[in-house]
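Shown below: my_file_24.txt, with compact mmCIF, C-alpha atoms and all ligand atoms.
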```txt
# COMPACT_ATOMS: atom_id res chain seq x y z
CA MET A 1 13.65 53.07 -4.64
CA ASP A 2 16.38 51.90 -6.97
CA VAL A 3 16.67 48.34 -8.15
CA MET A 4 19.34 47.38 -5.63
CA ASP A 5 17.21 48.68 -2.72
CA SER A 6 14.23 46.71 -3.88
CA VAL A 7 16.26 43.50 -4.26
CA GLN A 8 17.75 44.09 -0.80
CA GLY A 9 14.24 44.64 0.59
CA MET A 10 12.93 41.45 -0.89
CA PHE A 11 15.90 39.59 0.52
CA ASP A 12 15.41 41.02 4.02
CA MET A 13 11.67 40.35 4.06
CA GLY A 14 12.04 36.86 2.68
CA ALA A 15 15.10 35.84 4.67
CA SER A 16 13.34 34.33 7.67
CA ALA A 17 10.88 32.43 5.49
CA VAL A 18 13.72 31.10 3.36
CA LYS A 19 15.73 30.11 6.43
CA GLU A 20 12.71 28.37 7.90
CA ALA A 21 12.05 26.46 4.70
CA VAL A 22 15.67 25.37 4.42
CA SER A 23 16.33 24.48 8.04
CA LYS A 24 12.99 23.03 9.12
CA PRO A 25 12.84 19.24 8.98
CA ALA A 26 9.64 19.72 7.04
CA VAL A 27 7.31 16.75 6.98
CA GLU A 28 7.62 16.49 3.20
CA ARG A 29 11.37 16.03 3.43
CA GLN A 30 11.34 13.17 5.95
CA PRO A 31 12.77 9.94 4.49
CA PHE A 32 9.54 8.03 5.19
CA MET A 33 7.54 10.67 3.28
CA ARG A 34 10.02 10.58 0.37
CA GLY A 35 9.60 6.79 0.27
CA PHE A 36 5.81 7.14 0.46
CA ALA A 37 5.71 9.59 -2.45
CA ARG A 38 8.15 7.52 -4.48
CA LEU A 39 5.96 4.44 -4.21
CA CYS A 40 2.90 6.44 -5.35
CA ASN A 41 4.80 7.65 -8.38
CA ASP A 42 6.25 4.22 -9.15
CA GLY A 43 2.75 2.74 -9.11
CA TRP A 44 1.52 5.51 -11.40
CA LEU A 45 4.39 4.84 -13.84
CA GLN A 46 3.41 1.15 -13.88
CA GLY A 47 -0.11 2.15 -14.99
CA TRP A 48 -1.80 0.86 -11.83
CA HIS A 49 -3.48 4.12 -10.80
CA GLU A 50 -5.99 5.35 -13.36
CA ARG A 51 -7.84 8.47 -12.17
CA ASN A 52 -8.00 8.26 -8.33
CA GLY A 53 -7.47 4.49 -8.31
CA GLY A 54 -5.40 2.92 -5.56
CA ASN A 55 -4.26 4.10 -2.16
CA LEU A 56 -1.41 3.77 0.32
CA THR A 57 -1.04 3.88 4.10
CA TYR A 58 2.07 3.76 6.27
CA ARG A 59 2.16 3.19 10.06
CA MET A 60 4.70 5.70 11.38
CA THR A 61 7.40 4.95 13.95
CA ASP A 62 7.43 6.81 17.29
CA ASP A 63 10.55 8.73 16.17
CA GLU A 64 8.88 9.83 12.94
CA VAL A 65 5.83 11.04 14.85
CA LYS A 66 8.07 12.95 17.28
CA THR A 67 9.96 14.65 14.44
CA CYS A 68 6.78 15.64 12.60
CA LYS A 69 4.69 16.69 15.62
CA PRO A 70 5.88 20.34 15.68
CA TYR A 71 4.34 20.73 12.22
CA PHE A 72 0.99 19.14 13.04
CA THR A 73 -1.99 21.47 12.86
CA ASP A 74 -2.98 23.37 16.03
CA GLU A 75 -6.58 22.60 15.20
CA PRO A 76 -6.92 18.93 14.29
CA GLY A 77 -10.15 17.90 12.61
CA GLU A 78 -12.97 16.22 14.49
CA TRP A 79 -12.54 12.58 15.52
CA VAL A 80 -14.17 10.47 12.82
CA ASP A 81 -15.68 7.15 13.91
CA MET A 82 -14.56 4.13 11.92
CA ASP A 83 -16.84 1.11 11.64
CA VAL A 84 -13.89 -0.97 12.74
CA GLN A 85 -11.73 -1.12 15.88
CA ALA A 86 -8.24 -2.43 16.63
CA ASP A 87 -6.67 -2.75 20.08
CA ASN A 88 -3.16 -3.02 18.68
CA LEU A 89 -3.49 0.30 16.79
CA ARG A 90 -4.67 2.47 19.70
CA GLY A 91 -2.94 5.84 19.35
CA ALA A 92 -1.12 4.86 16.12
CA PHE A 93 -0.27 7.50 13.49
CA PHE A 94 -0.66 6.75 9.77
CA THR A 95 0.45 8.54 6.65
CA VAL A 96 -2.41 8.15 4.15
CA THR A 97 -3.35 9.10 0.62
CA GLY A 98 -6.53 11.16 0.31
CA ALA A 99 -9.95 10.03 -0.92
CA GLY A 100 -10.48 11.21 -4.49
CA ARG A 101 -6.86 12.39 -4.77
CA PHE A 102 -4.74 11.05 -7.62
CA MET A 103 -1.57 8.98 -7.10
CA ARG A 104 0.03 10.74 -10.09
CA ASN A 105 -0.19 14.05 -8.20
CA VAL A 106 1.35 12.94 -4.91
CA GLU A 107 4.98 13.87 -5.70
CA LEU A 108 3.91 17.28 -7.04
CA ASP A 109 2.05 18.32 -3.89
CA ILE A 110 2.37 15.98 -0.93
CA ALA A 111 0.54 18.20 1.58
CA HIS A 112 -2.52 18.34 -0.68
CA ASN A 113 -2.71 14.67 -1.61
CA VAL A 114 -1.38 12.99 1.53
CA GLY A 115 -2.18 13.39 5.22
CA ILE A 116 -1.14 12.17 8.62
CA VAL A 117 -3.94 10.82 10.81
CA GLU A 118 -3.93 10.01 14.49
CA THR A 119 -5.93 7.10 15.90
CA ASN A 120 -7.75 7.68 19.20
CA GLY A 121 -7.09 5.83 22.45
CA ALA A 122 -9.99 3.46 21.83
CA GLY A 123 -8.63 2.48 18.40
CA ASP A 124 -11.95 3.20 16.71
CA ALA A 125 -11.70 6.78 15.38
CA TYR A 126 -9.17 8.99 13.60
CA ARG A 127 -8.51 12.67 13.00
CA VAL A 128 -6.35 14.48 10.45
CA VAL A 129 -3.35 16.20 12.10
CA TRP A 130 -1.32 17.17 9.01
CA GLY A 131 -1.78 17.62 5.26
CA LEU A 132 -4.81 16.71 3.11
CA HIS A 133 -5.12 20.42 2.43
CA ASP A 134 -8.38 21.85 1.09
CA GLY A 135 -10.67 19.63 3.13
CA GLY A 136 -9.25 16.25 2.21
CA VAL A 137 -10.12 13.04 4.04
CA PRO A 138 -8.28 9.68 4.13
CA THR A 139 -8.72 7.16 1.32
CA SER A 140 -12.15 5.59 0.86
CA GLU A 141 -10.47 2.27 1.64
CA PHE A 142 -9.16 3.44 5.02
CA SER A 143 -11.20 0.87 6.94
CA SER A 144 -9.63 -1.92 4.85
CA HIS A 145 -6.17 -0.46 5.38
CA PHE A 146 -6.77 -0.07 9.11
CA MET A 147 -8.03 -3.64 9.58
CA ASN A 148 -5.21 -5.00 7.43
CA HIS A 149 -2.60 -3.09 9.45
CA SER A 150 -4.04 -4.55 12.65
CA VAL A 151 -3.97 -8.12 11.35
CA ARG A 152 -0.51 -7.83 9.74
CA VAL A 153 1.00 -6.14 12.83
CA ALA A 154 -0.20 -9.15 14.85
CA ALA A 155 0.96 -11.66 12.19
CA THR A 156 4.44 -10.15 11.86
CA ASP A 157 5.17 -9.27 15.47
CA GLY A 158 4.96 -5.56 14.67
CA ALA A 159 7.15 -5.61 11.54
CA CYS A 160 4.43 -4.71 9.00
CA ARG A 161 4.13 -0.97 8.33
CA VAL A 162 2.86 -0.57 4.76
CA ILE A 163 -0.49 -1.44 3.15
CA TYR A 164 -0.73 -0.71 -0.58
CA HIS A 165 -3.77 -1.02 -2.83
CA ALA A 166 -3.46 -0.79 -6.64
CA HIS A 167 -5.35 -1.71 -9.79
CA PRO A 168 -2.77 -3.74 -11.78
CA ASP A 169 -4.19 -4.71 -15.19
CA ASN A 170 -3.12 -8.33 -15.43
CA VAL A 171 -4.19 -9.26 -11.91
CA ILE A 172 -7.66 -7.86 -12.61
CA ALA A 173 -7.82 -9.67 -15.98
CA LEU A 174 -6.77 -12.91 -14.27
CA THR A 175 -9.80 -12.74 -11.98
CA LYS A 176 -11.99 -12.93 -15.10
CA ILE A 177 -10.64 -16.34 -16.08
CA LEU A 178 -10.00 -17.98 -12.71
CA PRO A 179 -12.40 -18.67 -9.81
CA PRO A 180 -11.93 -16.45 -6.72
CA ASP A 181 -10.10 -19.25 -4.97
CA ALA A 182 -6.73 -18.73 -3.23
CA ARG A 183 -5.37 -22.18 -4.08
CA THR A 184 -6.15 -22.00 -7.81
CA VAL A 185 -4.86 -18.45 -8.18
CA THR A 186 -1.73 -18.98 -6.07
CA ARG A 187 -0.74 -22.15 -7.99
CA MET A 188 -1.07 -20.31 -11.28
CA LEU A 189 1.05 -17.40 -10.02
CA TRP A 190 3.71 -19.64 -8.47
CA LYS A 191 4.01 -21.58 -11.72
CA ALA A 192 4.34 -18.45 -13.88
CA MET A 193 7.99 -17.90 -12.87
CA THR A 194 10.29 -19.38 -10.23
CA GLU A 195 10.67 -16.05 -8.38
CA CYS A 196 7.07 -16.10 -7.12
CA VAL A 197 7.28 -18.90 -4.59
CA MET A 198 10.26 -17.09 -3.05
CA VAL A 199 8.43 -13.74 -2.86
CA PHE A 200 5.10 -15.06 -1.50
CA PRO A 201 5.64 -18.61 -0.13
CA LYS A 202 2.39 -18.44 1.86
CA GLY A 203 0.41 -17.71 -1.33
CA VAL A 204 -2.11 -15.01 -2.15
CA GLY A 205 -5.67 -14.69 -0.80
CA VAL A 206 -8.65 -13.82 -2.99
CA VAL A 207 -11.93 -12.11 -2.11
CA PRO A 208 -14.81 -12.33 -4.60
CA CYS A 209 -16.28 -9.23 -6.22
CA MET A 210 -17.51 -7.01 -3.35
CA VAL A 211 -18.45 -3.36 -2.80
CA PRO A 212 -15.30 -1.19 -2.69
CA GLY A 213 -14.90 0.94 0.43
CA SER A 214 -17.35 -1.20 2.45
CA THR A 215 -16.83 -2.56 5.95
CA GLU A 216 -17.66 -6.01 4.54
CA ILE A 217 -14.72 -6.01 2.11
CA ALA A 218 -12.46 -4.65 4.88
CA ARG A 219 -13.43 -7.54 7.17
CA ALA A 220 -13.16 -10.19 4.43
CA THR A 221 -9.71 -8.93 3.39
CA SER A 222 -8.34 -8.69 6.89
CA GLU A 223 -9.55 -12.22 7.64
CA LEU A 224 -7.39 -13.46 4.72
CA MET A 225 -4.48 -11.21 5.72
CA LYS A 226 -4.13 -13.35 8.86
CA THR A 227 -2.60 -15.93 6.48
CA TYR A 228 -1.43 -14.03 3.40
CA ASP A 229 0.54 -10.81 2.98
CA ALA A 230 -1.31 -10.04 -0.27
CA VAL A 231 -5.00 -10.35 -1.15
CA ILE A 232 -6.53 -10.02 -4.61
CA TRP A 233 -9.88 -8.27 -4.92
CA ALA A 234 -11.63 -10.01 -7.82
CA GLN A 235 -12.62 -7.62 -10.64
CA HIS A 236 -10.88 -4.77 -8.79
CA GLY A 237 -7.20 -5.05 -7.86
CA LEU A 238 -4.76 -6.12 -5.20
CA PHE A 239 -3.79 -5.33 -1.58
CA ALA A 240 -0.16 -5.90 -0.59
CA SER A 241 1.51 -5.48 2.80
CA GLY A 242 5.07 -5.36 4.02
CA PRO A 243 7.62 -3.98 6.46
CA ASP A 244 8.76 -1.19 4.12
CA PHE A 245 7.98 0.47 0.78
CA ASP A 246 10.48 -1.64 -1.23
CA ALA A 247 9.15 -4.99 -0.03
CA THR A 248 5.52 -3.96 -0.45
CA PHE A 249 5.94 -2.47 -3.92
CA GLY A 250 8.05 -5.50 -4.87
CA LEU A 251 5.29 -7.88 -3.77
CA MET A 252 2.68 -6.01 -5.81
CA HIS A 253 5.06 -5.95 -8.79
CA ALA A 254 5.92 -9.68 -8.61
CA ILE A 255 2.25 -10.73 -8.43
CA GLU A 256 1.30 -8.46 -11.34
CA LYS A 257 4.25 -9.70 -13.42
CA ALA A 258 3.32 -13.35 -12.80
CA ALA A 259 -0.28 -12.64 -13.89
CA LYS A 260 1.08 -10.99 -17.03
CA ILE A 261 3.35 -13.93 -17.86
CA HIS A 262 0.45 -16.33 -17.45
CA GLY A 263 -1.64 -14.22 -19.82
CA LEU A 264 1.18 -14.02 -22.37
CA ALA A 265 1.74 -17.79 -22.22
CA LEU A 266 -2.00 -18.38 -22.74
CA MET A 267 -1.95 -16.11 -25.79
CA MET A 268 1.17 -17.79 -27.22
CA ASN A 269 -0.51 -21.14 -26.61
CA GLY A 270 -3.71 -20.26 -28.47
CA GLY A 271 -5.69 -19.78 -25.26
CA SER A 272 -4.94 -23.21 -23.81
CA SER A 273 -3.39 -23.58 -20.36
CA GLU A 274 -1.94 -26.99 -21.35
CA PHE A 275 1.59 -25.62 -21.61
CA ALA A 276 4.46 -27.66 -23.11
CA ASN A 277 6.57 -26.80 -20.05
CA THR A 278 5.81 -25.42 -16.63
CA ILE A 279 7.03 -25.46 -13.03
CA SER A 280 6.10 -28.71 -11.28
CA ASP A 281 5.01 -29.01 -7.65
CA ASP A 282 8.32 -30.75 -6.92
CA ASP A 283 10.19 -27.82 -8.51
CA LEU A 284 8.32 -25.50 -6.11
CA ARG A 285 9.21 -27.73 -3.15
CA ALA A 286 12.89 -27.77 -4.20
CA ILE A 287 13.05 -23.96 -4.48
CA ALA A 288 11.44 -23.54 -1.06
CA ARG A 289 13.72 -26.16 0.52
CA ASN A 290 16.81 -24.48 -0.93
CA LEU A 291 15.90 -21.18 0.75
CA ASN A 292 14.36 -22.71 3.86
CA LEU A 293 11.02 -21.05 3.12
CA ALA A 294 7.80 -21.90 4.95
CA LEU A 295 5.87 -22.97 1.87
CA ASN A 296 2.08 -23.30 2.13
CA GLU A 297 1.94 -27.06 1.51
CA GLU A 298 -1.87 -27.00 1.28
CA PHE A 299 -1.49 -25.41 -2.15
CA LEU A 300 0.69 -28.22 -3.53
CA ASP A 301 -0.50 -31.50 -5.06
O1 LIG B 401 -9.06 4.98 -4.08
O2 LIG B 401 -8.99 2.35 -5.48
O3 LIG B 401 -10.87 1.03 -4.21
C1 LIG B 401 -9.85 4.48 -5.09
C2 LIG B 401 -9.89 3.01 -5.03
C3 LIG B 401 -11.04 2.40 -4.38
ZN ZN B 402 -9.40 0.23 -5.71
```
The structure given in the file should be rewritten as structure tokens.
Amino acid sequence: MDVMDSVQGMFDMGASAVKEAVSKPAVERQPFMRGFARLCNDGWLQGWHERNGGNLTYRMTDDEVKTCKPYFTDEPGEWVDMDVQADNLRGAFFTVTGAGRFMRNVELDIAHNVGIVETNGAGDAYRVVWGLHDGGVPTSEFSSHFMNHSVRVAATDGACRVIYHAHPDNVIALTKILPPDARTVTRMLWKAMTECVMVFPKGVGVVPCMVPGSTEIARATSELMKTYDAVIWAQHGLFASGPDFDATFGLMHAIEKAAKIHGLALMMNGGSSEFANTISDDDLRAIARNLNLALNEEFLD
């Protein structure tokens, strides 16, 4: 066979596979999956995802499920019981990062590091229908994500779709110097920079140091998510929620930046929190009034 024949042969044999790859609306190329992978990479670039730290889940729309369904596996895994149940998530589909998989690898191989799971009709079990290749399972924090989705869907009239967990340095450091108390922590964050009260006018919840991956931390977090769209896990990290990837990443970013500014100001001030200038409670009220925001007045003096 001469060279031209062999090239022609390769082309003929590969043509249908190439056509399929190019024309198929492959799951990896869906806009929601591009957004999902982008957030994972953005979080990695921020330094929030050491090793397998952090995780992300996205509640898919009916249209997204319909588009992806032809590519779901013919043999879905077994239904896996969750220790938690949610009526408002019966039959929901989630895109999830995998337990033990690294956020820094998501963009390189989505089908290995990310999966789609289906929730059963009772809202108390899931099964993997796409991705998580090589025997992957959803994030170890899936019960927290699931409970948080349920609570935020109810709190936002169905608008919330994204739950994001990361290990941002300054937020974790902050929980070493402040009590695990939502009012104290929120006031400090709001007063770090004027943007904060606009981004999270309800404040931020805080759970004390608890066992990661446990049903107890899932329940404690979701209880706070009834009020707040972000909850700090003392000594561990932060959970943020939102209607889309931009808003959710932005919330995580704003909270982490405020914690960093507070830490910098403390250092510049020789460790004292008696700053020469800060944002007063009346300043916070004025900002909220200007934008017609529903400020959590309980956190103001
Ligand atoms: O996924 O972040 O909390 C690893 C973790 C556990
Ligand atoms: Zn974590």
Chain A near ligand ZN 402 (chain B) within 7 Å: what's each residue's closest atom pair and its distance in Å to one decimal, counting all atoms listed in the file, ordered by chain then ascending residue number, as a Markdown table?
```
| residue | atom | partner | partner_atom | distance |
| --- | --- | --- | --- | --- |
| A:Gly53 | CA | B:ZN402 | ZN | 5.4 |
| A:Gly54 | CA | B:ZN402 | ZN | 4.8 |
| A:His165 | CA | B:ZN402 | ZN | 6.4 |
| A:Ala166 | CA | B:ZN402 | ZN | 6.1 |
| A:His167 | CA | B:ZN402 | ZN | 6.1 |
| A:Pro212 | CA | B:ZN402 | ZN | 6.8 |
| A:His236 | CA | B:ZN402 | ZN | 6.1 |
| A:Gly237 | CA | B:ZN402 | ZN | 6.1 |
```
- [ ] Just the residues within 12 Å of Arg51 of chain A, please, counting only C-alpha atoms, with nothing from its chain fewer than 3 positions along; format it as number ranges by chain.
- [x] A: 44, 47-48, 54-55, 99-105, 166-167
Using the file's own x, y and z axes, what box holds all listed atoms of segment 206-210 of chain A with 6 Å on each side, keeping edges along x, y and z, and what are its centre and edge lengths in Å to one decimal, as JSON?
```
{"center_x": -13.1, "center_y": -10.4, "center_z": -4.2, "size_x": 20.9, "size_y": 18.8, "size_z": 16.1}
```
Task: Residues near Met225 of chain A, cut-off 9 Å, all atoms listed in the file, skip fewer than 4 positions along chain, as number ranges by chain - done: A: 148, 151-152, 155, 205, 220-221, 229-231, 241
Task: Which residue of A:Ile287, A:Val65, A:Met188, A:Ile232 approaches ligand LIG 401 (chain B) most closely, using only C-alpha atoms and all ligand atoms - done: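 Distance minimum relative to ligand LIG 401 (chain B) lands on A:Ile232.
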Open item on the list: Between atom CA of Glu107 of chain A and atom CA of Phe36 of chain A, what distance in Å does the model show, to one decimal?
Closed with: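 Distance between the two atoms: 9.2 Å.
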Task: Counting all atoms listed in the file, the residue of A:Asn290, A:Phe245, A:Ala192, A:Gly270 that sits nearest Arg38 of chain A - done: A:Phe245
Task: Residue with smallest distance to Thr186 of chain A - pool A:Asn296, A:Gln30, A:Thr73, A:Thr139, counting only C-alpha atoms - done: A:Asn296
Open item on the list: Show me, as a count of residues only, the residues that have an atom within 12 Å of Met33 of chain A when counting only C-alpha atoms, minus same-chain residues fewer than 2 positions from it.
Closed with: 36
Open item on the list: Here is a test: counting only C-alpha atoms and all ligand atoms, which residue of A:Leu291, A:Leu238, A:Leu266, A:Val204 is nearest to ligand LIG 401 (chain B)?
Closed with: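 For ligand LIG 401 (chain B), the nearest of the given residues is A:Leu238.
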Open item on the list: For a test of reading the model, state the distance in Å between atom CA of Leu224 of chain A and atom CA of His262 of chain A, rounded to one decimal.
Closed with: 23.7 Å
TODO: May I ask for the distance between atom CA of Gly136 of chain A and atom CA of Val84 of chain A, given in Å to one decimal place?
DONE: 20.7 Å
Task: Residue among A:Glu195, A:Glu141, A:Asp283, A:Asp81 lying closest to ligand LIG 401 (chain B), counting all atoms listed in the file - done: A:Glu141
TODO: Point out the residue among A:Ala122, A:Met268, A:Leu89, A:Ala218 with the least atom-to-atom distance to Gly158 of chain A, counting only C-alpha atoms.
DONE: A:Leu89
Open item on the list: Give me the residues near Cys160 of chain A as a PyMOL selection string, where near means some atom within 6 Å (using only C-alpha atoms) and where sequence neighbours in that chain fewer than 5 positions away do not count.
Closed with: chain A and resi 152-153+242-243
For those residues, write C-alpha atoms to a file as a short mmCIF file (atom, residue, chain, number, x, y, z; two decimals), keeping the file's coordinate frame.
```cif
data_model
loop_
_atom_site.label_atom_id
_atom_site.label_comp_id
_atom_site.auth_asym_id
_atom_site.auth_seq_id
_atom_site.Cartn_x
_atom_site.Cartn_y
_atom_site.Cartn_z
CA ARG A 152 -0.51 -7.83 9.74
CA VAL A 153 1.00 -6.14 12.83
CA GLY A 242 5.07 -5.36 4.02
CA PRO A 243 7.62 -3.98 6.46
#
```
Task: Sel. within 9 Å of pt (-7.1, -23.3, 3.5), counting only C-alpha atoms, output as a VMD selection string - done: chain A and resid 182 to 183 298 to 299
TODO: Mind checking which residues fall within 9 Å of Asp87 of chain A, counting only C-alpha atoms, ignoring those fewer than 6 positions away in the same chain, and posting them as a list of chain:residue names?
DONE: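 Within the cut-off, the hits are A:Gly121, A:Ala122, A:Gly123, A:Asp124, A:Ser150.
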From (7.4, -13.3, -11.8), in the file's coordinates, out to 6 Å: which residues are reached, counting only C-alpha atoms? Answer as a tab-separated table (two decimals) with C-alpha atoms, keeping the file's coordinate frame.
```tsv
chain	number	residue	atom	x	y	z
A	193	MET	CA	7.99	-17.90	-12.87
A	195	GLU	CA	10.67	-16.05	-8.38
A	196	CYS	CA	7.07	-16.10	-7.12
A	254	ALA	CA	5.92	-9.68	-8.61
A	257	LYS	CA	4.25	-9.70	-13.42
A	258	ALA	CA	3.32	-13.35	-12.80
```
Kindly write segment 235-264 of chain A with N, CA and C atoms to a file, as an mmCIF file, in the first residue's frame.
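Okay, decode24.cif is ready:
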```
data_model
loop_
_atom_site.group_PDB
_atom_site.id
_atom_site.type_symbol
_atom_site.label_atom_id
_atom_site.label_comp_id
_atom_site.auth_asym_id
_atom_site.auth_seq_id
_atom_site.Cartn_x
_atom_site.Cartn_y
_atom_site.Cartn_z
ATOM 1 N N GLN A 235 -12.879 26.707 60.154
ATOM 2 C CA GLN A 235 -11.659 25.893 60.025
ATOM 3 C C GLN A 235 -11.626 25.084 58.724
ATOM 4 N N HIS A 236 -12.529 25.381 57.791
ATOM 5 C CA HIS A 236 -12.640 24.520 56.604
ATOM 6 C C HIS A 236 -12.803 25.300 55.295
ATOM 7 N N GLY A 237 -13.790 26.163 55.200
ATOM 8 C CA GLY A 237 -13.995 26.847 53.915
ATOM 9 C C GLY A 237 -15.333 27.534 53.839
ATOM 10 N N LEU A 238 -15.905 27.531 52.656
ATOM 11 C CA LEU A 238 -17.106 28.337 52.412
ATOM 12 C C LEU A 238 -18.014 27.650 51.396
ATOM 13 N N PHE A 239 -19.329 27.729 51.620
ATOM 14 C CA PHE A 239 -20.337 27.291 50.653
ATOM 15 C C PHE A 239 -21.026 28.538 50.108
ATOM 16 N N ALA A 240 -21.135 28.642 48.796
ATOM 17 C CA ALA A 240 -21.851 29.768 48.187
ATOM 18 C C ALA A 240 -22.897 29.219 47.229
ATOM 19 N N SER A 241 -24.000 29.950 47.082
ATOM 20 C CA SER A 241 -25.064 29.507 46.175
ATOM 21 C C SER A 241 -25.469 30.659 45.267
ATOM 22 N N GLY A 242 -26.099 30.325 44.164
ATOM 23 C CA GLY A 242 -26.555 31.393 43.276
ATOM 24 C C GLY A 242 -27.300 30.858 42.074
ATOM 25 N N PRO A 243 -27.883 31.780 41.281
ATOM 26 C CA PRO A 243 -28.666 31.366 40.119
ATOM 27 C C PRO A 243 -27.807 30.899 38.948
ATOM 28 N N ASP A 244 -26.543 31.336 38.905
ATOM 29 C CA ASP A 244 -25.667 30.951 37.790
ATOM 30 C C ASP A 244 -24.218 30.931 38.282
ATOM 31 N N PHE A 245 -23.312 30.531 37.382
ATOM 32 C CA PHE A 245 -21.903 30.372 37.776
ATOM 33 C C PHE A 245 -21.254 31.724 38.105
ATOM 34 N N ASP A 246 -21.598 32.768 37.341
ATOM 35 C CA ASP A 246 -20.993 34.093 37.584
ATOM 36 C C ASP A 246 -21.344 34.604 38.981
ATOM 37 N N ALA A 247 -22.634 34.575 39.296
ATOM 38 C CA ALA A 247 -23.080 35.116 40.592
ATOM 39 C C ALA A 247 -22.486 34.303 41.742
ATOM 40 N N THR A 248 -22.419 33.000 41.578
ATOM 41 C CA THR A 248 -21.950 32.145 42.673
ATOM 42 C C THR A 248 -20.441 32.296 42.880
ATOM 43 N N PHE A 249 -19.700 32.301 41.771
ATOM 44 C CA PHE A 249 -18.251 32.516 41.891
ATOM 45 C C PHE A 249 -17.987 33.917 42.456
ATOM 46 N N GLY A 250 -18.755 34.893 41.978
ATOM 47 C CA GLY A 250 -18.589 36.275 42.438
ATOM 48 C C GLY A 250 -18.838 36.416 43.934
ATOM 49 N N LEU A 251 -19.821 35.686 44.447
ATOM 50 C CA LEU A 251 -20.118 35.723 45.883
ATOM 51 C C LEU A 251 -18.948 35.144 46.683
ATOM 52 N N MET A 252 -18.468 33.996 46.244
ATOM 53 C CA MET A 252 -17.301 33.370 46.898
ATOM 54 C C MET A 252 -16.108 34.343 46.886
ATOM 55 N N HIS A 253 -15.884 34.955 45.725
ATOM 56 C CA HIS A 253 -14.739 35.843 45.526
ATOM 57 C C HIS A 253 -14.833 37.080 46.423
ATOM 58 N N ALA A 254 -16.051 37.669 46.497
ATOM 59 C CA ALA A 254 -16.238 38.892 47.293
ATOM 60 C C ALA A 254 -16.008 38.609 48.778
ATOM 61 N N ILE A 255 -16.513 37.468 49.258
ATOM 62 C CA ILE A 255 -16.357 37.127 50.681
ATOM 63 C C ILE A 255 -14.882 36.885 50.995
ATOM 64 N N GLU A 256 -14.212 36.158 50.117
ATOM 65 C CA GLU A 256 -12.782 35.881 50.334
ATOM 66 C C GLU A 256 -11.966 37.180 50.290
ATOM 67 N N LYS A 257 -12.310 38.079 49.356
ATOM 68 C CA LYS A 257 -11.559 39.329 49.248
ATOM 69 C C LYS A 257 -11.746 40.192 50.499
ATOM 70 N N ALA A 258 -12.980 40.223 51.017
ATOM 71 C CA ALA A 258 -13.247 41.002 52.232
ATOM 72 C C ALA A 258 -12.435 40.449 53.407
ATOM 73 N N ALA A 259 -12.386 39.115 53.520
ATOM 74 C CA ALA A 259 -11.606 38.493 54.604
ATOM 75 C C ALA A 259 -10.132 38.868 54.464
ATOM 76 N N LYS A 260 -9.660 38.911 53.223
ATOM 77 C CA LYS A 260 -8.256 39.255 52.972
ATOM 78 C C LYS A 260 -7.976 40.710 53.363
ATOM 79 N N ILE A 261 -8.890 41.602 52.994
ATOM 80 C CA ILE A 261 -8.698 43.020 53.324
ATOM 81 C C ILE A 261 -8.680 43.214 54.840
ATOM 82 N N HIS A 262 -9.557 42.510 55.533
ATOM 83 C CA HIS A 262 -9.568 42.614 56.994
ATOM 84 C C HIS A 262 -8.218 42.168 57.567
ATOM 85 N N GLY A 263 -7.713 41.056 57.034
ATOM 86 C CA GLY A 263 -6.419 40.544 57.509
ATOM 87 C C GLY A 263 -5.282 41.517 57.214
ATOM 88 N N LEU A 264 -5.315 42.113 56.028
ATOM 89 C CA LEU A 264 -4.272 43.084 55.651
ATOM 90 C C LEU A 264 -4.334 44.307 56.570
#
```
